[in-house]
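K.L.:
Supplied in structure tokens, the structure appears directly below.
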Amino acid sequence: MQSVDINEAVALLEEGRAVVFPTDTVFGLGLSPRHAVTPQLLYQLKGRDEGKPVAWLVPNAEALGEWGSRVPAYAWDLARAHWPGALTLIVAAADVVPAAYRSAAGTIGLRMPDSPEALALMDALGGPVATTSANLSGEPAVSDAAQLDPRLLENAPVFVPVSRSQAGSTASTVVDCTGEDPVVLRQGPVHL
């Protein structure tokens with residue numbers, strides 16, 4: 001496993017390359033949407049179906065208004081109550097979100113993680129990180145760096161601070177916030 005520090009991780013992201021990093025849920029595999037024109041590399045590395053959208057980790061709750069459009073009041077309430085934390089909110093994507101990062105329905109999943117490492121990575125990068133779980137498609141999500149699949153790591157170095165060889169244990173709760181009421185699409189640690 002090739003391990004990199006935060007400066008090396010940011011330099012790789014700025015080159016449009018992917019890195020693996022711990023979050024408060026599971027290990028993530030991420031790209032900088034400002035530097036990678038599409039999320040294609042994430043699909044390629046994971047062997048993932050390109051029809052599955054990739055969520056963005058964001059550095060603060062205000063990002064909900066920056067990257068989301070027509071965000072309902074209840075979504076803002078959920079963000080205030082559970083961010084930072086293990087809650088991904090699906091909202092209509094703002095015009096500034098590149099088309100390649102939007103779902104077929106024109107939405108984007110956004111989450112502010114409760115992870116000093118992920119937040120530091122975004123702070124140093126100066127923006128969000130398009131992220132999926134760091135596992136091969138069909139395999140379980142990984143919460144321990146020692147469990148990361150070597151095939152995934154061939155092309156994605158790991159940013160793992162010495163103090164953080166483990167992430168959380170469960171993927172985030174995903175809530176669709178595009179309708180009149182929130183709809184839980186995947187149950188995780190946050191219960192509504």
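Residues are referred to by chain and number: the chain letter is A, B, ... according to the order shown in the structure tokens, the number counts from 1 in that chain, and ligands are numbered separately from 1 in the order shown.
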Taking 4 positions as the minimum chain separation for residues in the same chain, which residues sit within 7 Å of Ala92 of chain A when counting only C-alpha atoms? Answer as a ChimeraX atom specification.
P.N.:
/A:68-70,106-108,178
K.L.:
Create the file for the chosen residues now, containing N, CA and C atoms and written as a PDB file, in the first residue's frame.
P.N.:
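Generated file (again_26.pdb):
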```pdb
ATOM      1  N   GLY A  68     -26.082  22.760  -4.565  1.00  0.00           N
ATOM      2  CA  GLY A  68     -27.473  22.354  -4.739  1.00  0.00           C
ATOM      3  C   GLY A  68     -28.320  23.506  -5.229  1.00  0.00           C
ATOM      4  N   SER A  69     -29.455  23.169  -5.838  1.00  0.00           N
ATOM      5  CA  SER A  69     -30.372  24.176  -6.360  1.00  0.00           C
ATOM      6  C   SER A  69     -31.777  23.870  -5.847  1.00  0.00           C
ATOM      7  N   ARG A  70     -32.544  24.897  -5.605  1.00  0.00           N
ATOM      8  CA  ARG A  70     -33.924  24.717  -5.115  1.00  0.00           C
ATOM      9  C   ARG A  70     -33.946  23.755  -3.920  1.00  0.00           C
ATOM     10  N   GLY A 106     -30.464  14.828 -12.838  1.00  0.00           N
ATOM     11  CA  GLY A 106     -29.965  16.177 -12.580  1.00  0.00           C
ATOM     12  C   GLY A 106     -29.742  16.473 -11.116  1.00  0.00           C
ATOM     13  N   THR A 107     -29.460  15.439 -10.330  1.00  0.00           N
ATOM     14  CA  THR A 107     -29.254  15.623  -8.890  1.00  0.00           C
ATOM     15  C   THR A 107     -27.801  15.379  -8.510  1.00  0.00           C
ATOM     16  N   ILE A 108     -27.488  15.750  -7.278  1.00  0.00           N
ATOM     17  CA  ILE A 108     -26.157  15.511  -6.697  1.00  0.00           C
ATOM     18  C   ILE A 108     -26.347  15.138  -5.231  1.00  0.00           C
ATOM     19  N   THR A 178     -35.504  15.740  -3.033  1.00  0.00           N
ATOM     20  CA  THR A 178     -35.994  16.407  -4.241  1.00  0.00           C
ATOM     21  C   THR A 178     -37.507  16.501  -4.302  1.00  0.00           C
TER      22      THR A 178
END
```
K.L.:
Quick one: contact table of segment 43-77 of chain A to segment 11-24 of chain A, 12 Å max, nearest atom pair and distance in Å to one decimal per residue, counting only C-alpha atoms, chain and number order, as JSON lines?
P.N.:
```
{"residue": "A:Tyr43", "atom": "CA", "partner": "A:Ala18", "partner_atom": "CA", "distance": 11.0}
{"residue": "A:Gln44", "atom": "CA", "partner": "A:Ala18", "partner_atom": "CA", "distance": 10.9}
{"residue": "A:Leu45", "atom": "CA", "partner": "A:Ala18", "partner_atom": "CA", "distance": 8.9}
{"residue": "A:Lys46", "atom": "CA", "partner": "A:Ala18", "partner_atom": "CA", "distance": 11.2}
{"residue": "A:Leu57", "atom": "CA", "partner": "A:Thr23", "partner_atom": "CA", "distance": 9.7}
```
K.L.:
Could you please take those selected residues and save N, CA and C atoms as a PDB file, in the first residue's frame?
P.N.:
```pdb
ATOM      1  N   TYR A  43     -15.188   5.077 -11.591  1.00  0.00           N
ATOM      2  CA  TYR A  43     -15.894   3.913 -12.136  1.00  0.00           C
ATOM      3  C   TYR A  43     -14.903   2.848 -12.590  1.00  0.00           C
ATOM      4  N   GLN A  44     -13.867   3.308 -13.250  1.00  0.00           N
ATOM      5  CA  GLN A  44     -12.845   2.387 -13.766  1.00  0.00           C
ATOM      6  C   GLN A  44     -12.135   1.652 -12.626  1.00  0.00           C
ATOM      7  N   LEU A  45     -11.700   2.377 -11.607  1.00  0.00           N
ATOM      8  CA  LEU A  45     -10.968   1.763 -10.501  1.00  0.00           C
ATOM      9  C   LEU A  45     -11.824   0.778  -9.713  1.00  0.00           C
ATOM     10  N   LYS A  46     -13.100   1.100  -9.549  1.00  0.00           N
ATOM     11  CA  LYS A  46     -14.007   0.245  -8.775  1.00  0.00           C
ATOM     12  C   LYS A  46     -14.635  -0.870  -9.595  1.00  0.00           C
ATOM     13  N   LEU A  57     -18.262  14.957  -1.101  1.00  0.00           N
ATOM     14  CA  LEU A  57     -18.024  15.405   0.264  1.00  0.00           C
ATOM     15  C   LEU A  57     -17.767  16.901   0.176  1.00  0.00           C
TER      16      LEU A  57
END
```
K.L.:
Using only C-alpha atoms for the distances, tell me which of A:Leu119, A:Leu29, A:Ala93, A:Ala130 is nearest to Val71 of chain A.
P.N.:
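Among the listed residues, the smallest separation from Val71 of chain A belongs to A:Ala93.
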K.L.:
Applying 7 Å and only C-alpha atoms, which residues near Val4 of chain A remain after dropping the ones on its own chain fewer than 2 positions away? List them as number ranges by chain.
P.N.:
A: 2, 6, 8-9, 157-159
K.L.:
Would you mind exporting the chosen residues as an mmCIF file, in the first residue's frame, restricted to N, CA and C atoms?
P.N.:
```cif
data_model
loop_
_atom_site.group_PDB
_atom_site.id
_atom_site.type_symbol
_atom_site.label_atom_id
_atom_site.label_comp_id
_atom_site.auth_asym_id
_atom_site.auth_seq_id
_atom_site.Cartn_x
_atom_site.Cartn_y
_atom_site.Cartn_z
ATOM 1 N N GLN A 2 0.704 2.082 -1.005
ATOM 2 C CA GLN A 2 1.463 3.332 -1.083
ATOM 3 C C GLN A 2 0.743 4.394 -0.266
ATOM 4 N N ILE A 6 -0.808 14.572 3.330
ATOM 5 C CA ILE A 6 -1.888 15.420 2.818
ATOM 6 C C ILE A 6 -1.452 16.265 1.623
ATOM 7 N N GLU A 8 0.873 15.515 -0.616
ATOM 8 C CA GLU A 8 0.960 14.626 -1.779
ATOM 9 C C GLU A 8 -0.430 14.246 -2.266
ATOM 10 N N ALA A 9 -1.362 14.006 -1.330
ATOM 11 C CA ALA A 9 -2.729 13.661 -1.710
ATOM 12 C C ALA A 9 -3.375 14.800 -2.495
ATOM 13 N N PRO A 157 -3.231 5.883 -4.468
ATOM 14 C CA PRO A 157 -2.502 5.903 -3.202
ATOM 15 C C PRO A 157 -3.427 6.254 -2.035
ATOM 16 N N VAL A 158 -2.991 5.944 -0.838
ATOM 17 C CA VAL A 158 -3.804 6.143 0.353
ATOM 18 C C VAL A 158 -3.255 7.281 1.200
ATOM 19 N N PHE A 159 -4.146 8.189 1.590
ATOM 20 C CA PHE A 159 -3.809 9.221 2.558
ATOM 21 C C PHE A 159 -4.357 8.728 3.895
#
```
K.L.:
Apply DSSP to the structure's backbone, then extract all residues of chain A labelled alpha helix (DSSP H) and return them as a ChimeraX atom specification.
P.N.:
/A:6-14,40-46,63-67,73-82,116-125,150-153
K.L.:
With N, CA and C atoms retained, could you export that selection as a CSV table (one decimal), in the first residue's frame?
P.N.:
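Contents of the output file result.csv:
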```csv
chain,number,residue,atom,x,y,z
A,6,ILE,N,-0.8,14.6,3.3
A,6,ILE,CA,-1.9,15.4,2.8
A,6,ILE,C,-1.5,16.3,1.6
A,7,ASN,N,-0.2,16.8,1.6
A,7,ASN,CA,0.3,17.6,0.5
A,7,ASN,C,0.4,16.7,-0.8
A,8,GLU,N,0.9,15.5,-0.6
A,8,GLU,CA,1.0,14.6,-1.8
A,8,GLU,C,-0.4,14.2,-2.3
A,9,ALA,N,-1.4,14.0,-1.3
A,9,ALA,CA,-2.7,13.7,-1.7
A,9,ALA,C,-3.4,14.8,-2.5
A,10,VAL,N,-3.2,16.0,-2.0
A,10,VAL,CA,-3.8,17.2,-2.7
A,10,VAL,C,-3.1,17.3,-4.1
A,11,ALA,N,-1.8,17.2,-4.2
A,11,ALA,CA,-1.1,17.3,-5.5
A,11,ALA,C,-1.7,16.2,-6.5
A,12,LEU,N,-1.9,15.0,-6.0
A,12,LEU,CA,-2.5,14.0,-6.9
A,12,LEU,C,-3.9,14.4,-7.3
A,13,LEU,N,-4.7,14.9,-6.4
A,13,LEU,CA,-6.1,15.3,-6.7
A,13,LEU,C,-6.1,16.4,-7.8
A,14,GLU,N,-5.1,17.3,-7.6
A,14,GLU,CA,-5.0,18.5,-8.5
A,14,GLU,C,-4.5,18.0,-9.9
A,40,GLN,N,-15.1,9.3,-14.3
A,40,GLN,CA,-14.8,8.1,-15.0
A,40,GLN,C,-13.7,7.2,-14.3
A,41,LEU,N,-12.7,7.9,-13.8
A,41,LEU,CA,-11.6,7.1,-13.1
A,41,LEU,C,-12.2,6.4,-11.9
A,42,LEU,N,-13.1,6.9,-11.2
A,42,LEU,CA,-13.7,6.2,-10.0
A,42,LEU,C,-14.4,5.0,-10.5
A,43,TYR,N,-15.2,5.1,-11.6
A,43,TYR,CA,-15.9,3.9,-12.1
A,43,TYR,C,-14.9,2.8,-12.6
A,44,GLN,N,-13.9,3.3,-13.2
A,44,GLN,CA,-12.8,2.4,-13.8
A,44,GLN,C,-12.1,1.7,-12.6
A,45,LEU,N,-11.7,2.4,-11.6
A,45,LEU,CA,-11.0,1.8,-10.5
A,45,LEU,C,-11.8,0.8,-9.7
A,46,LYS,N,-13.1,1.1,-9.5
A,46,LYS,CA,-14.0,0.2,-8.8
A,46,LYS,C,-14.6,-0.9,-9.6
A,63,ALA,N,-22.2,24.7,1.6
A,63,ALA,CA,-22.0,24.1,0.3
A,63,ALA,C,-23.3,23.5,-0.3
A,64,LEU,N,-24.3,23.3,0.6
A,64,LEU,CA,-25.6,22.8,0.2
A,64,LEU,C,-26.2,23.8,-0.8
A,65,GLY,N,-26.1,25.0,-0.5
A,65,GLY,CA,-26.6,26.1,-1.4
A,65,GLY,C,-25.7,26.4,-2.5
A,66,GLU,N,-24.4,26.1,-2.4
A,66,GLU,CA,-23.5,26.4,-3.5
A,66,GLU,C,-23.6,25.3,-4.6
A,67,TRP,N,-23.7,24.1,-4.2
A,67,TRP,CA,-23.7,23.0,-5.2
A,67,TRP,C,-25.2,22.4,-5.5
A,73,ALA,N,-36.5,23.6,2.5
A,73,ALA,CA,-36.2,24.0,3.8
A,73,ALA,C,-35.9,22.8,4.7
A,74,TYR,N,-36.6,21.7,4.5
A,74,TYR,CA,-36.3,20.5,5.3
A,74,TYR,C,-34.9,19.9,5.1
A,75,ALA,N,-34.4,20.1,3.9
A,75,ALA,CA,-33.0,19.6,3.6
A,75,ALA,C,-32.0,20.5,4.4
A,76,TRP,N,-32.2,21.8,4.5
A,76,TRP,CA,-31.4,22.7,5.3
A,76,TRP,C,-31.5,22.3,6.8
A,77,ASP,N,-32.7,22.0,7.2
A,77,ASP,CA,-32.9,21.5,8.6
A,77,ASP,C,-32.1,20.3,8.9
A,78,LEU,N,-32.1,19.3,8.0
A,78,LEU,CA,-31.4,18.0,8.1
A,78,LEU,C,-29.9,18.3,8.2
A,79,ALA,N,-29.4,19.2,7.3
A,79,ALA,CA,-28.0,19.5,7.3
A,79,ALA,C,-27.6,20.2,8.6
A,80,ARG,N,-28.4,21.1,9.1
A,80,ARG,CA,-28.0,21.8,10.4
A,80,ARG,C,-28.0,20.8,11.5
A,81,ALA,N,-28.9,19.8,11.5
A,81,ALA,CA,-29.0,18.8,12.6
A,81,ALA,C,-28.0,17.7,12.5
A,82,HIS,N,-27.5,17.4,11.3
A,82,HIS,CA,-26.7,16.2,11.2
A,82,HIS,C,-25.3,16.4,10.5
A,116,PRO,N,-11.9,14.8,10.6
A,116,PRO,CA,-10.8,15.8,10.5
A,116,PRO,C,-9.9,15.6,9.3
A,117,GLU,N,-9.7,14.3,8.9
A,117,GLU,CA,-8.9,14.0,7.8
A,117,GLU,C,-9.5,14.4,6.5
A,118,ALA,N,-10.8,14.1,6.3
A,118,ALA,CA,-11.5,14.4,5.1
A,118,ALA,C,-11.7,16.0,5.0
A,119,LEU,N,-12.0,16.6,6.1
A,119,LEU,CA,-12.1,18.1,6.1
A,119,LEU,C,-10.8,18.8,5.8
A,120,ALA,N,-9.7,18.2,6.4
A,120,ALA,CA,-8.4,18.8,6.1
A,120,ALA,C,-8.0,18.7,4.6
A,121,LEU,N,-8.4,17.5,4.1
A,121,LEU,CA,-8.1,17.3,2.7
A,121,LEU,C,-8.9,18.3,1.8
A,122,MET,N,-10.1,18.5,2.1
A,122,MET,CA,-10.9,19.5,1.3
A,122,MET,C,-10.4,20.9,1.5
A,123,ASP,N,-10.0,21.2,2.8
A,123,ASP,CA,-9.5,22.5,3.1
A,123,ASP,C,-8.2,22.8,2.3
A,124,ALA,N,-7.3,21.8,2.3
A,124,ALA,CA,-6.1,22.0,1.5
A,124,ALA,C,-6.3,22.0,0.0
A,125,LEU,N,-7.3,21.3,-0.4
A,125,LEU,CA,-7.7,21.3,-1.9
A,125,LEU,C,-8.4,22.5,-2.3
A,150,PRO,N,-5.9,-4.7,-2.7
A,150,PRO,CA,-4.6,-4.3,-3.4
A,150,PRO,C,-4.9,-3.9,-4.9
A,151,ARG,N,-5.9,-4.5,-5.5
A,151,ARG,CA,-6.2,-4.2,-6.9
A,151,ARG,C,-6.7,-2.7,-7.0
A,152,LEU,N,-7.4,-2.3,-6.0
A,152,LEU,CA,-7.8,-0.9,-6.0
A,152,LEU,C,-6.7,0.1,-5.8
A,153,LEU,N,-5.7,-0.4,-5.0
A,153,LEU,CA,-4.6,0.5,-4.6
A,153,LEU,C,-3.5,0.6,-5.6
```
K.L.:
Nearest residue to Thr131 of chain A out of A:Val175, A:Ala36, A:Val54, A:Ala94, using only C-alpha atoms?
P.N.:
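Looking only at the distances to Thr131 of chain A, the closest residue turns out to be A:Val54.
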